[in-house]
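One structure is given below, encoded as structure tokens.
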Amino acid sequence: MTTQARVANTTEKSDAAPGRNRPTRPIYLDYQATTPMDPRVLETMIPYFTEKFGNPHSRSHTYGWEAEEAVEKARAQVAHIIGADEREVIFTSGATESNNLALKGVAHFYKDRKNHLVTLVTEHKCVLDSMRHLEEEGFQVTYLPVKQDGLVDLAELEAAITDKTVIVSIMAVNNEIGVIQPLAEIGKLCRKKGVFFHTDCAQAVGKIPLDVEAMNIDLMSISGHKIYGPKGIGALYVRRKPRIRLQALITGGGQERGMRSGTLPTPLCVGLGEACEIAEREMPEESKRLTKLRDRFYNAIKAKLPEVYLNGSLEHRIPGNLNLSFAYVEGESLILGINDLSVSSGSACTSASLEPSYVLRALGVDEAMAHTSLRIGFGRFTTEDEVDRAVQDIVEHVTKLREMSPLWEMFQDGVDIKSIQWAAH
Amino acid sequence: MAYSEKVIDHYNNPRNVGSLDKGAEDVGTGLVGAPACGDVMKLQIKVSADGIIQDAKFKTFGCGSAIASSSLATEWIKGKSIDQAETIKNTEIAQHLALPPVKIHCSVLAEDAIKAAIADYRAKAGAKPKAAE
């Protein structure tokens, strides 16, 4: 479709916003924000909404028993993908709740002995915000910087751990730049130092091999909707040997071994379990396929556009993510142009604000360059044809916007943009 | 973010994109904003001897609203005297484009760009007789 045709389409109705009222759906390239449910997952869930609707905590009849059986099967499926025992998995409403429960729950339980937590500046907002709340309560938190490639400096981590440190929380895969932290090394260090290791694996489960034993992980947060499962469900892995204790955030009937009360949503649990099983089974093939698609995209972009920079390590990165700075083109204007593609600038959580991404800033990407970045996420339903169309669309609009950019003009004329005295506003 | 139709129109069909010779005596150049803040506007005017803006060009690094604000600014000032152009308020630009509150700064930047271009032109014009002396 030409630009003109798209304009006609989006402006036909007065309430037409970009992305609405168009005959064809945009190409979805935002798999780190969320994923569509796999139809196979949905299929396993449906009976538990209707005929098998029982409360899994009902002990006295078939309805309860069959729901309980389904929930326990799902728990085992979740445990299996991370090499855990099913008794170590508790269901939550999602990774945000899991992160809150892991950090606040552990901090509160052990507060008489230890009062210090360690994390990274590039963690997801829900980890950082839980830390802020704990700081308000009097806990000490160390926010470690990351290296230019987005990875933790293990020497700095070791130096940050004190005899007052109760827990280290480091995400497995970053949601904006897709970089993979050295979990096994972090786990080894934490075990040696006698501190708990929590890792937010919302972006990692089903994408990289995870093993709580080999990696010495004590607590792990898991999300359903990032792995082609339903929204509104997640899990927290809590180690049993040696036993990790935590204070519940939600109290009530004492479900989930007292760590998370509330009736389990059977269909959602079933969906998360099935999503884990499919992801585990298909991971080797899917990783290869996504790496091929990602490379195809990245190589084509680099061949057709100068001055494009990758943010974060390419080597230590999940195959389904790219975060690119298209120098001299502001990200939001680019997204407006490529409205046949669904991508995000910065993180979906922060792109409503005008601040450039705090993750990119932490890598040392300068503010001007951070304003030009797009996160492009590939996933299970991305096709080669979609990748090719995306490349074409991005190249066309970056070229058009650069012709309109005073910074691109200065760059072409050899002017050093950093030498100009810009007025802050 | 839902943009208004007028913003989309200016974004897709920007008016007066380009550059004028910034060394020319009858050209005033305004460069406002900062790359670190996510928007930079360059607005140029070519002014006749009787103070009428004969041509205006812009280049903008910024969001759709920033591009639309500068595009609209060039459209409005063309044919006006520099004194008239100077009276254009950011609120008029914001209102015309139906900018949401978070994008008001784009219209402020466009007003600043017009004023900066006029100031540059006046500085050149003022310097000219002195140079001749």
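Naming scheme: A, B, ... for chains in displayed order of the structure tokens; residues 1 onward per chain; ligands 1 onward as shown.
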Quick one: pick out all helix (DSSP H, G or I) residues within chain B from a backbone DSSP run and write them as an MDAnalysis selection string.
chainID B and resid 5:12 35:37 64:77 82:85 90:97 101:132
Restrict the distance test to only C-alpha atoms, flag each residue of chain A within 6 Å of chain B, and return the flagged residues as a PyMOL selection string.
chain A and resi 17+330+332-333+367-368+371+404-406+422
Considering only C-alpha atoms, return as a PyMOL selection string whatever protein or nucleic-acid residues lie within 7 Å of Ala327 (chain A), sequence-local ones (same chain, fewer than 3 positions apart) excluded.
chain A and resi 307-308+369+372
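The spacing separating CA of His124 (chain A) from CA of Ser221 (chain A) amounts to 11.8 Å.
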Excluding same-chain residues fewer than 5 positions from region 163-180 of chain A, what lies within 8 Å of it counting only C-alpha atoms, as a count of residues only?
45
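Once region 38-55 of chain A and its same-chain neighbours fewer than 5 positions away are set aside, His61, Thr62, Tyr63, Gly64, Trp65, Glu66, Ala67, Glu68, Ala70, Ile227, Tyr228, Gly229, Pro230, Thr263, Leu264, Pro265, Thr266, Pro267, Leu268, Cys269, Val270, Gly271, Leu272, Gly273, Glu274, Ala275, Ile278 and Arg380 of chain A remain within 9 Å of it when counting only C-alpha atoms.
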Output for the residues just chosen: N, CA and C atoms as a compact mmCIF listing (two decimals), in the first residue's frame:
```txt
# COMPACT_ATOMS: atom_id res chain seq x y z
N HIS A 61 -15.65 -33.16 45.61
CA HIS A 61 -16.36 -33.66 44.43
C HIS A 61 -15.50 -33.62 43.16
N THR A 62 -16.03 -34.29 42.15
CA THR A 62 -15.33 -34.44 40.88
C THR A 62 -14.91 -33.11 40.26
N TYR A 63 -15.81 -32.10 40.35
CA TYR A 63 -15.50 -30.80 39.73
C TYR A 63 -14.19 -30.23 40.30
N GLY A 64 -14.10 -30.30 41.61
CA GLY A 64 -12.88 -29.81 42.24
C GLY A 64 -11.67 -30.66 41.89
N TRP A 65 -11.87 -31.99 41.90
CA TRP A 65 -10.73 -32.88 41.65
C TRP A 65 -10.16 -32.71 40.25
N GLU A 66 -11.09 -32.60 39.26
CA GLU A 66 -10.56 -32.50 37.89
C GLU A 66 -9.86 -31.16 37.66
N ALA A 67 -10.36 -30.13 38.32
CA ALA A 67 -9.70 -28.82 38.20
C ALA A 67 -8.33 -28.87 38.89
N GLU A 68 -8.31 -29.53 40.05
CA GLU A 68 -7.04 -29.64 40.78
C GLU A 68 -6.01 -30.41 39.96
N ALA A 70 -5.84 -30.63 36.77
CA ALA A 70 -5.38 -29.80 35.66
C ALA A 70 -4.35 -28.78 36.14
N ILE A 227 4.94 -15.70 26.55
CA ILE A 227 5.30 -16.98 25.92
C ILE A 227 4.10 -17.63 25.25
N TYR A 228 3.24 -16.79 24.64
CA TYR A 228 2.10 -17.28 23.85
C TYR A 228 1.05 -17.94 24.72
N GLY A 229 1.07 -17.58 26.02
CA GLY A 229 0.05 -18.03 26.94
C GLY A 229 -0.88 -16.86 27.25
N PRO A 230 -1.81 -17.09 28.20
CA PRO A 230 -2.78 -16.02 28.51
C PRO A 230 -2.20 -14.89 29.35
N THR A 263 -8.34 -18.18 44.97
CA THR A 263 -8.67 -19.33 44.14
C THR A 263 -7.88 -19.28 42.85
N LEU A 264 -7.25 -20.37 42.49
CA LEU A 264 -6.47 -20.39 41.26
C LEU A 264 -7.38 -20.32 40.05
N PRO A 265 -7.00 -19.53 39.05
CA PRO A 265 -7.77 -19.46 37.80
C PRO A 265 -7.40 -20.66 36.93
N THR A 266 -8.13 -21.75 37.08
CA THR A 266 -7.76 -23.01 36.41
C THR A 266 -7.43 -22.85 34.92
N PRO A 267 -8.31 -22.20 34.12
CA PRO A 267 -7.99 -22.14 32.69
C PRO A 267 -6.67 -21.40 32.41
N LEU A 268 -6.40 -20.35 33.20
CA LEU A 268 -5.16 -19.60 32.98
C LEU A 268 -3.95 -20.44 33.37
N CYS A 269 -4.08 -21.18 34.47
CA CYS A 269 -2.98 -22.07 34.89
C CYS A 269 -2.70 -23.10 33.80
N VAL A 270 -3.79 -23.68 33.28
CA VAL A 270 -3.67 -24.69 32.22
C VAL A 270 -2.98 -24.07 31.00
N GLY A 271 -3.36 -22.85 30.67
CA GLY A 271 -2.77 -22.16 29.52
C GLY A 271 -1.28 -21.91 29.73
N LEU A 272 -0.90 -21.46 30.92
CA LEU A 272 0.51 -21.21 31.20
C LEU A 272 1.30 -22.52 31.09
N GLY A 273 0.73 -23.59 31.64
CA GLY A 273 1.42 -24.88 31.59
C GLY A 273 1.64 -25.35 30.16
N GLU A 274 0.58 -25.27 29.37
CA GLU A 274 0.68 -25.70 27.97
C GLU A 274 1.67 -24.82 27.20
N ALA A 275 1.62 -23.52 27.47
CA ALA A 275 2.55 -22.59 26.80
C ALA A 275 4.00 -22.97 27.12
N ILE A 278 4.91 -26.26 25.18
CA ILE A 278 5.17 -26.02 23.75
C ILE A 278 6.51 -25.30 23.56
N ARG A 380 7.01 -16.15 17.29
CA ARG A 380 6.56 -17.42 16.72
C ARG A 380 5.79 -17.28 15.42
```
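The gap separating CA of Lys104 (chain A) from CA of Tyr237 (chain A) is 14.9 Å, in Å to one decimal.
For Ser81 (chain B), the set of protein, DNA and RNA residues having any atom at most 7 Å away, when counting only C-alpha atoms and skipping those fewer than 5 positions along the same chain, is Gly51, Ile52 and Ile53 of chain B.
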Write out as a PyMOL selection string the residues lying within 8 Å of region 23-25 of chain B, counting only C-alpha atoms and excluding same-chain residues fewer than 6 positions away.
chain B and resi 121+124-125
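Going from CA of Leu236 (chain A) over to CA of Glu97 (chain A), you cover 8.7 Å.
Minimum distance to Gln247 (chain A) across A:Pro56, A:Pro306, A:Pro145, A:Gly105 (counting only C-alpha atoms) occurs at A:Gly105.
Closest approach to Asn90 (chain B) among B:Ser70, B:Cys106, B:Glu111, B:Asp55 is made by B:Glu111 (distances from only C-alpha atoms).
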Ranking A:Ser93, A:Thr35, A:Gly224, A:Glu213 by minimum distance to Ser261 (chain A) and counting only C-alpha atoms, which one comes first?
A:Ser93
DSSP says strand (DSSP E) for which residues of region 220-352 of chain A? Put them as a VMD selection string?
chain A and resid 220 to 223 234 to 238 308 to 310 321 to 326 341 to 342
Take the residues that were just selected and, keeping C-alpha atoms, output them as a PDB file, in the first residue's frame.
```pdb
ATOM      1  CA  MET A 220      12.380 -16.885  39.457  1.00  0.00           C
ATOM      2  CA  SER A 221       9.531 -14.826  38.011  1.00  0.00           C
ATOM      3  CA  ILE A 222       7.621 -16.176  35.020  1.00  0.00           C
ATOM      4  CA  SER A 223       4.994 -14.560  32.799  1.00  0.00           C
ATOM      5  CA  GLY A 234       2.423 -15.967  35.910  1.00  0.00           C
ATOM      6  CA  ALA A 235       4.421 -17.976  38.377  1.00  0.00           C
ATOM      7  CA  LEU A 236       7.106 -17.636  40.992  1.00  0.00           C
ATOM      8  CA  TYR A 237       9.655 -20.354  41.529  1.00  0.00           C
ATOM      9  CA  VAL A 238      10.642 -20.538  45.218  1.00  0.00           C
ATOM     10  CA  VAL A 308      22.225   2.646  12.199  1.00  0.00           C
ATOM     11  CA  TYR A 309      23.459   1.463  15.597  1.00  0.00           C
ATOM     12  CA  LEU A 310      22.595  -1.642  17.597  1.00  0.00           C
ATOM     13  CA  ASN A 321      15.047  -8.860  19.664  1.00  0.00           C
ATOM     14  CA  LEU A 322      16.776  -5.917  18.032  1.00  0.00           C
ATOM     15  CA  ASN A 323      17.052  -2.431  19.443  1.00  0.00           C
ATOM     16  CA  LEU A 324      18.299  -0.038  16.793  1.00  0.00           C
ATOM     17  CA  SER A 325      19.101   3.656  16.768  1.00  0.00           C
ATOM     18  CA  PHE A 326      18.386   5.250  13.415  1.00  0.00           C
ATOM     19  CA  LEU A 341       4.359  -2.058  11.504  1.00  0.00           C
ATOM     20  CA  SER A 342       3.704  -2.426  15.212  1.00  0.00           C
TER      21      SER A 342
END
```
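In this comparison, which uses only C-alpha atoms, the residue of B:Ile82, B:Lys115, B:Thr29, B:Glu75 approaching Ser48 (chain B) most closely is B:Ile82.
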